[in-house]
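Only one structure is covered here, and it is reproduced in the block below.
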Amino acid sequence: MKNSKTTVLIKNNIWINNPVFVQILGICSTLAVTNNFKNTLIMAVSVTFVTAFSNFTVSMLKSFIPNKVRMIVQTLIISFYVIIVDIVLKAYMPDISKALGPYVGLVITNCIIMGRAEAFAQANAPIISFVDGFLSGIGYMIVLLPIALIRELLSFGTFYGYSILPENYISMTIMITAPSAFFMIAVYIWIAKSISFNKKGDKK
Amino acid sequence: MNLKESKLYTVIFTFIISFAFIVILAFINSMTREKIAINSDLFMIKAVLNAMKIDYSTDQEAYKKFKDDAFLRKTVKKSKLNNNEYSIYRAFVNNENITSIINTGQGLWGEITMVTAFDENIDKIIGVDIISQNETPGLGGRIGEKWFKDQFTDEKIGNGIKMTLSDRKYGDTDHNNSSFDAITGATRTSERILFIINDSIKIMKN
Amino acid sequence: MTPNINVVILLFASIFTGNIVLSYFLGLCSFISISKDLKSSNGLGLAVTFVLTISVAICYVILKYILKPFDLEYLRFIVFIIVIAAVVQILEMLIERMSSALYISLGIFLPLITVNCAILGVVLFMEIRKYDFLQTLFFSIGSGIGWWIAILALAAIRRKIENAPVPAGLKDAGITLIIIGLMAMAFMGFSGMLSVQ
């Protein structure tokens, strides 16, 4: 029973209702750093961590939270975890913390986290909420990591900082700058939607 | 109307939960405070050592070498050009007397603080490193990358450093032409670096 | 140390060369969803500019006179987000009481703004770049106007292409993102015009 619920969650979060494809939510805080794979990975892991734990906490406290202050308490819980992430990055990965700059703090306003807390954790038990938060984080990751991978590869010829394209490869400046991120995500959505349309067509 | 929605409960609940979270955060913060402070010192220390080409393998070693007064002498120089004070470090490395200066200049969005190290007669740059910057990540932010900084290693100064625009991947590897390649897509930031380095040269020469 | 940047240049730079949404990706969620309708876009743009200016100024004061002297900077995220939420809430109440016409055109967008990352983003940029009060003020007004102009332009373009034949998978979100990408490229053209110094 619980197993099947988890499978549904996996499908929902990663494909059918992937927050990025379907609702274009929550890309603001991470899209900016997608020209570097390592930074994107850290950001996506942070988002996953914060979503999972804030979902868990909201679900634990849901019966105590008065309705009037629900949103502000949720925001409080989310910022609590984001501050922890910020402190940990500053203490143990100072270089990355510097490179990410203000974008770590902006995880707070990532709509996915608030959305999951409001839509799922409010109505479900702690453990399953945790799993749900974790999976939406993964769903988020599988959209942004390929984008980061392609952008870093085409703009610097590197992957995770290691040079892999031949020496005479000429960097594409456009891939470093902001517009390419918008184009990449548009193409990604195009591909994903086309695939799901085809699937629907088959069923008919 | 149950208890949960009453005004008093709301106030008490909000107060307790904020209090609990802040206590936990204060605890985590006090645990890591020292480490964060050391980290931010280390940025400066490592940058100075990197620019002067002083080897170190661990953070502790870097810290020890930096604090060793017999090895690395720190002085404060008041510039005659603009009356500002600059931190100067001197050391004898690889059979040369090397001097380095910490200088801050305007970046595209905020300040850039960097170290430039010179040989005894200010004829060539030994190396440079960035201490802090707020440039756009992935664009101007790449001034912190090794290939960019390596362009300045052992660069002849001549009549001052110049900047060139090219799409060579690893920048200008000729160290006798007194020039370096700007970062593609971040010409403005590269110009600022040029300005800070030439400013440092002027301060050191006078 | 405060960077030595002329405030007027900072204002124009934050509108054009460093547009908050087109080059820093902030405030994208509502940017995409609201831009379907030109009129709402105008209202939201105004509301964002308004809230941005007020809350960034309050955050600046709190940061400088409370958080920094008491060494509480690690709590800044919580404080900033609560300040933003409170400003939005107070504004909503004030506007509702003062003018019903304004409430209809502006008030309905206010709740959307708390989770608009543009506001928190500008606060955090202001902190990291160490601007002084006047610079902060011009930077936040500029960022708000920049966001406003961008959403108006996007809404107008979207209206134009509403009936255009777009591949099914690219409809709505996809084509909007491509338009935003093209707009970002156009705004990049401004970068040679002025730079912050």
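Numbering starts fresh at 1 for the residues of each chain in the structure tokens, the chains themselves are lettered A, B, ... in the order given, and ligands are numbered from 1 as they appear.
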- Task: Please report as a ChimeraX atom specification which residues of chain B come no farther than 10 Å from chain A, using only C-alpha atoms.
- Result: /B:3-7,9-11,13-14,17-18,21-22,24-25,28-29,31-40,42-43,132-139,141-142,144,167-170,183-186
Expected answer as a PDB file with C-alpha atoms, in the first residue's frame: alpha helix (DSSP H) residues in segment 59-160 of chain A:
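That gives us result09.pdb:
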```
ATOM      1  CA  SER A  59       3.715  18.092   8.511  1.00  0.00           C
ATOM      2  CA  MET A  60       4.849  17.464  12.099  1.00  0.00           C
ATOM      3  CA  LEU A  61       3.562  20.821  13.293  1.00  0.00           C
ATOM      4  CA  ARG A  70       0.044  29.392   8.640  1.00  0.00           C
ATOM      5  CA  MET A  71       1.886  31.039   5.765  1.00  0.00           C
ATOM      6  CA  ILE A  72       4.246  33.006   7.941  1.00  0.00           C
ATOM      7  CA  VAL A  73       5.101  29.940  10.045  1.00  0.00           C
ATOM      8  CA  GLN A  74       5.810  27.972   6.875  1.00  0.00           C
ATOM      9  CA  THR A  75       8.057  30.777   5.655  1.00  0.00           C
ATOM     10  CA  LEU A  76       9.774  30.753   9.028  1.00  0.00           C
ATOM     11  CA  ILE A  77      10.414  27.007   8.799  1.00  0.00           C
ATOM     12  CA  ILE A  78      11.772  27.328   5.253  1.00  0.00           C
ATOM     13  CA  SER A  79      14.081  30.214   6.130  1.00  0.00           C
ATOM     14  CA  PHE A  80      15.281  28.243   9.151  1.00  0.00           C
ATOM     15  CA  TYR A  81      16.545  25.429   6.904  1.00  0.00           C
ATOM     16  CA  VAL A  82      17.944  27.850   4.325  1.00  0.00           C
ATOM     17  CA  ILE A  83      19.960  29.572   7.039  1.00  0.00           C
ATOM     18  CA  ILE A  84      21.344  26.187   8.083  1.00  0.00           C
ATOM     19  CA  VAL A  85      22.361  25.509   4.471  1.00  0.00           C
ATOM     20  CA  ASP A  86      23.948  28.937   4.260  1.00  0.00           C
ATOM     21  CA  ILE A  87      25.937  28.464   7.467  1.00  0.00           C
ATOM     22  CA  VAL A  88      27.097  24.971   6.472  1.00  0.00           C
ATOM     23  CA  LEU A  89      28.208  26.171   3.022  1.00  0.00           C
ATOM     24  CA  LYS A  90      30.046  29.119   4.549  1.00  0.00           C
ATOM     25  CA  ALA A  91      31.840  26.921   7.060  1.00  0.00           C
ATOM     26  CA  TYR A  92      32.691  23.888   4.948  1.00  0.00           C
ATOM     27  CA  PRO A  94      33.639  28.656   1.441  1.00  0.00           C
ATOM     28  CA  ASP A  95      34.558  28.808  -2.251  1.00  0.00           C
ATOM     29  CA  ILE A  96      31.163  27.640  -3.425  1.00  0.00           C
ATOM     30  CA  SER A  97      29.374  29.808  -0.894  1.00  0.00           C
ATOM     31  CA  LYS A  98      31.190  32.781  -2.383  1.00  0.00           C
ATOM     32  CA  ALA A  99      30.410  31.795  -5.946  1.00  0.00           C
ATOM     33  CA  LEU A 100      26.704  31.377  -5.217  1.00  0.00           C
ATOM     34  CA  CYS A 111       7.944  28.551  -5.122  1.00  0.00           C
ATOM     35  CA  ILE A 112       8.325  24.763  -5.195  1.00  0.00           C
ATOM     36  CA  ILE A 113       9.177  24.578  -1.500  1.00  0.00           C
ATOM     37  CA  MET A 114       6.263  26.738  -0.400  1.00  0.00           C
ATOM     38  CA  GLY A 115       4.017  24.947  -2.891  1.00  0.00           C
ATOM     39  CA  ARG A 116       4.841  21.471  -1.577  1.00  0.00           C
ATOM     40  CA  PRO A 126       5.525  13.471   8.229  1.00  0.00           C
ATOM     41  CA  ILE A 127       7.446  10.586   6.653  1.00  0.00           C
ATOM     42  CA  ILE A 128       5.560  10.586   3.373  1.00  0.00           C
ATOM     43  CA  SER A 129       5.823  14.382   3.255  1.00  0.00           C
ATOM     44  CA  PHE A 130       9.550  14.062   3.640  1.00  0.00           C
ATOM     45  CA  VAL A 131       9.656  11.600   0.728  1.00  0.00           C
ATOM     46  CA  ASP A 132       7.483  13.931  -1.332  1.00  0.00           C
ATOM     47  CA  GLY A 133       9.751  16.898  -0.657  1.00  0.00           C
ATOM     48  CA  PHE A 134      12.810  14.851  -1.465  1.00  0.00           C
ATOM     49  CA  LEU A 135      11.297  13.675  -4.742  1.00  0.00           C
ATOM     50  CA  SER A 136      10.275  17.154  -5.865  1.00  0.00           C
ATOM     51  CA  GLY A 137      13.874  18.112  -5.237  1.00  0.00           C
ATOM     52  CA  ILE A 138      14.980  15.257  -7.482  1.00  0.00           C
ATOM     53  CA  GLY A 139      12.448  16.306 -10.128  1.00  0.00           C
ATOM     54  CA  TYR A 140      13.915  19.784  -9.969  1.00  0.00           C
ATOM     55  CA  MET A 141      17.417  18.391 -10.277  1.00  0.00           C
ATOM     56  CA  ILE A 142      16.739  16.353 -13.393  1.00  0.00           C
ATOM     57  CA  VAL A 143      15.606  19.482 -15.197  1.00  0.00           C
ATOM     58  CA  LEU A 144      18.389  21.792 -14.132  1.00  0.00           C
ATOM     59  CA  LEU A 145      21.408  19.486 -14.145  1.00  0.00           C
ATOM     60  CA  PRO A 146      21.235  18.639 -17.889  1.00  0.00           C
ATOM     61  CA  ILE A 147      20.851  22.338 -18.652  1.00  0.00           C
ATOM     62  CA  ALA A 148      23.897  23.129 -16.535  1.00  0.00           C
ATOM     63  CA  LEU A 149      25.813  20.287 -18.160  1.00  0.00           C
ATOM     64  CA  ILE A 150      25.130  21.502 -21.701  1.00  0.00           C
ATOM     65  CA  ARG A 151      25.721  25.145 -20.867  1.00  0.00           C
ATOM     66  CA  GLU A 152      29.040  24.483 -19.154  1.00  0.00           C
ATOM     67  CA  LEU A 153      30.168  22.118 -21.905  1.00  0.00           C
ATOM     68  CA  LEU A 154      29.367  24.487 -24.765  1.00  0.00           C
ATOM     69  CA  SER A 155      30.545  27.638 -23.068  1.00  0.00           C
ATOM     70  CA  PHE A 156      33.798  26.505 -21.501  1.00  0.00           C
TER      71      PHE A 156
END
```
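Interface residues on chain B toward chain C (cut-off 7 Å, only C-alpha atoms): Gln106, Leu108, Trp109, Gly110, Glu111 and Asn134 of chain B.
Here the question is which of C:Thr136, C:Ser55, C:Asn42, C:Thr17 gets nearest to chain A using only C-alpha atoms, and that residue is C:Thr17.
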- Up to 6 Å from chain C, what residues of chain A turn up? Count only C-alpha atoms and give them as a PyMOL selection string. chain A and resi 25+28+32+79+102+109+178-179+182-183+186+190+193-194
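Comparing the minimum interatomic distances between Arg158 of chain C and each of C:Val48, C:Phe12, C:Pro111, C:Ser41, counting only C-alpha atoms, we find that C:Ser41 sits nearest.
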- Message: Could you check the closest approach to Gly105 of chain B for each of B:Ala51, B:Met44, B:Gln60, B:Ile131 and tell me which residue wins, using only C-alpha atoms?
- Response: B:Ile131
- Message: For segment 102-109 of chain C, find every residue with an atom within 6 Å (counting only C-alpha atoms), except residues of its own chain fewer than 5 positions away, and show them as JSON, numbers by chain.
- Response: {"C": [43, 44, 92, 95, 96]}
- Go through segment 1-203 of chain A and collect every residue that DSSP, computed from the backbone, puts in strand (DSSP E); the answer should be as an MDAnalysis selection string. chainID A and resid 158:159 162:163
Write the selection just made, keeping C-alpha atoms, as a PDB file, in the first residue's frame?
```pdb
ATOM      1  CA  THR A 158      34.522  21.658 -19.459  1.00  0.00           C
ATOM      2  CA  PHE A 159      32.561  19.345 -17.221  1.00  0.00           C
ATOM      3  CA  TYR A 162      37.637  19.375 -16.083  1.00  0.00           C
ATOM      4  CA  SER A 163      38.410  20.152 -19.682  1.00  0.00           C
TER       5      SER A 163
END
```
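Take atom CA of Leu106 of chain A and atom CA of Ile14 of chain A: the distance between them is 22.6 Å.
Interatomic distance, atom CA of Ile122 of chain B against atom CA of Asp154 of chain B: 11.1 Å.
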Could you list, as a CSV table (one decimal) with N, CA, C and O atoms, in the first residue's frame, every residue within 12 Å of Lys202 of chain B, counting only C-alpha atoms and ignoring same-chain residues fewer than 5 positions away?
```
chain,number,residue,atom,x,y,z
B,79,SER,N,50.4,55.9,0.3
B,79,SER,CA,50.7,56.3,-1.0
B,79,SER,C,50.8,57.8,-1.2
B,79,SER,O,50.0,58.6,-0.6
B,80,LYS,N,51.8,58.3,-1.9
B,80,LYS,CA,51.9,59.7,-2.1
B,80,LYS,C,50.9,60.2,-3.1
B,80,LYS,O,50.6,61.4,-3.2
B,81,LEU,N,50.4,59.3,-3.9
B,81,LEU,CA,49.5,59.7,-5.0
B,81,LEU,C,48.2,60.0,-4.5
B,81,LEU,O,47.6,61.0,-4.9
B,82,ASN,N,47.6,59.3,-3.6
B,82,ASN,CA,46.3,59.5,-3.1
B,82,ASN,C,46.1,59.5,-1.6
B,82,ASN,O,44.9,59.5,-1.1
B,101,ILE,N,51.1,43.8,-2.9
B,101,ILE,CA,50.2,44.8,-2.4
B,101,ILE,C,48.8,44.4,-2.5
B,101,ILE,O,48.4,43.8,-3.5
B,103,ASN,N,45.1,45.8,-3.1
B,103,ASN,CA,44.5,47.0,-3.6
B,103,ASN,C,43.0,46.7,-3.9
B,103,ASN,O,42.7,45.6,-4.3
B,116,THR,N,48.5,41.9,-5.9
B,116,THR,CA,49.4,41.8,-7.0
B,116,THR,C,50.8,41.7,-6.4
B,116,THR,O,51.2,42.5,-5.5
B,118,PHE,N,55.1,41.7,-7.1
B,118,PHE,CA,56.1,42.1,-8.0
B,118,PHE,C,57.5,41.7,-7.6
B,118,PHE,O,57.7,41.3,-6.5
B,122,ILE,N,60.2,46.1,-9.6
B,122,ILE,CA,58.9,46.3,-10.2
B,122,ILE,C,59.0,46.2,-11.8
B,122,ILE,O,58.5,47.1,-12.5
B,123,ASP,N,59.8,45.3,-12.3
B,123,ASP,CA,59.9,45.1,-13.7
B,123,ASP,C,58.9,44.1,-14.2
B,123,ASP,O,58.5,44.1,-15.4
B,157,ILE,N,56.3,44.1,-17.2
B,157,ILE,CA,55.5,45.3,-17.0
B,157,ILE,C,55.6,46.3,-18.1
B,157,ILE,O,54.7,46.8,-18.7
B,159,ASN,N,55.7,49.4,-20.2
B,159,ASN,CA,55.1,50.7,-19.9
B,159,ASN,C,53.7,50.6,-19.3
B,159,ASN,O,52.8,51.4,-19.5
B,160,GLY,N,53.4,49.5,-18.7
B,160,GLY,CA,52.1,49.3,-18.1
B,160,GLY,C,51.4,48.1,-18.8
B,160,GLY,O,51.7,47.8,-20.0
B,161,ILE,N,50.5,47.5,-18.1
B,161,ILE,CA,49.8,46.3,-18.6
B,161,ILE,C,48.7,46.7,-19.6
B,161,ILE,O,48.1,47.7,-19.4
B,195,PHE,N,42.6,48.1,-14.5
B,195,PHE,CA,42.8,49.3,-13.8
B,195,PHE,C,43.5,49.1,-12.5
B,195,PHE,O,44.4,49.8,-12.1
B,196,ILE,N,43.0,48.1,-11.7
B,196,ILE,CA,43.5,47.9,-10.4
B,196,ILE,C,45.0,47.5,-10.4
B,196,ILE,O,45.8,48.0,-9.7
B,197,ILE,N,45.3,46.7,-11.4
B,197,ILE,CA,46.7,46.2,-11.5
B,197,ILE,C,47.6,47.4,-11.9
B,197,ILE,O,48.7,47.6,-11.2
```
- Message: I'd like the neighbourhood of Leu72 of chain B as a list in words, where a residue qualifies if any of its atoms comes within 12 Å (using only C-alpha atoms), though same-chain residues fewer than 4 positions away should be ignored.
- Response: Ile45, Val48, Leu49, Met52, Ile54, Ala62, Tyr63, Lys64, Lys65, Phe66, Lys67, Asp68, Ile88, Tyr89, Arg90, Ala91, Phe92, Val93, Asn97, Ile98, Thr99 and Ser100 of chain B
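Closest approach to Leu41 of chain A among A:Tyr103, A:Phe120, A:Tyr160, A:Phe197: A:Tyr160, based on only C-alpha atoms.
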- Message: Give me the residues near Lys124 of chain B as a VMD selection string, where near means some atom within 9 Å (using only C-alpha atoms) and where sequence neighbours in that chain fewer than 2 positions away do not count.
- Response: chain B and resid 117 to 122 126 153 to 158 178
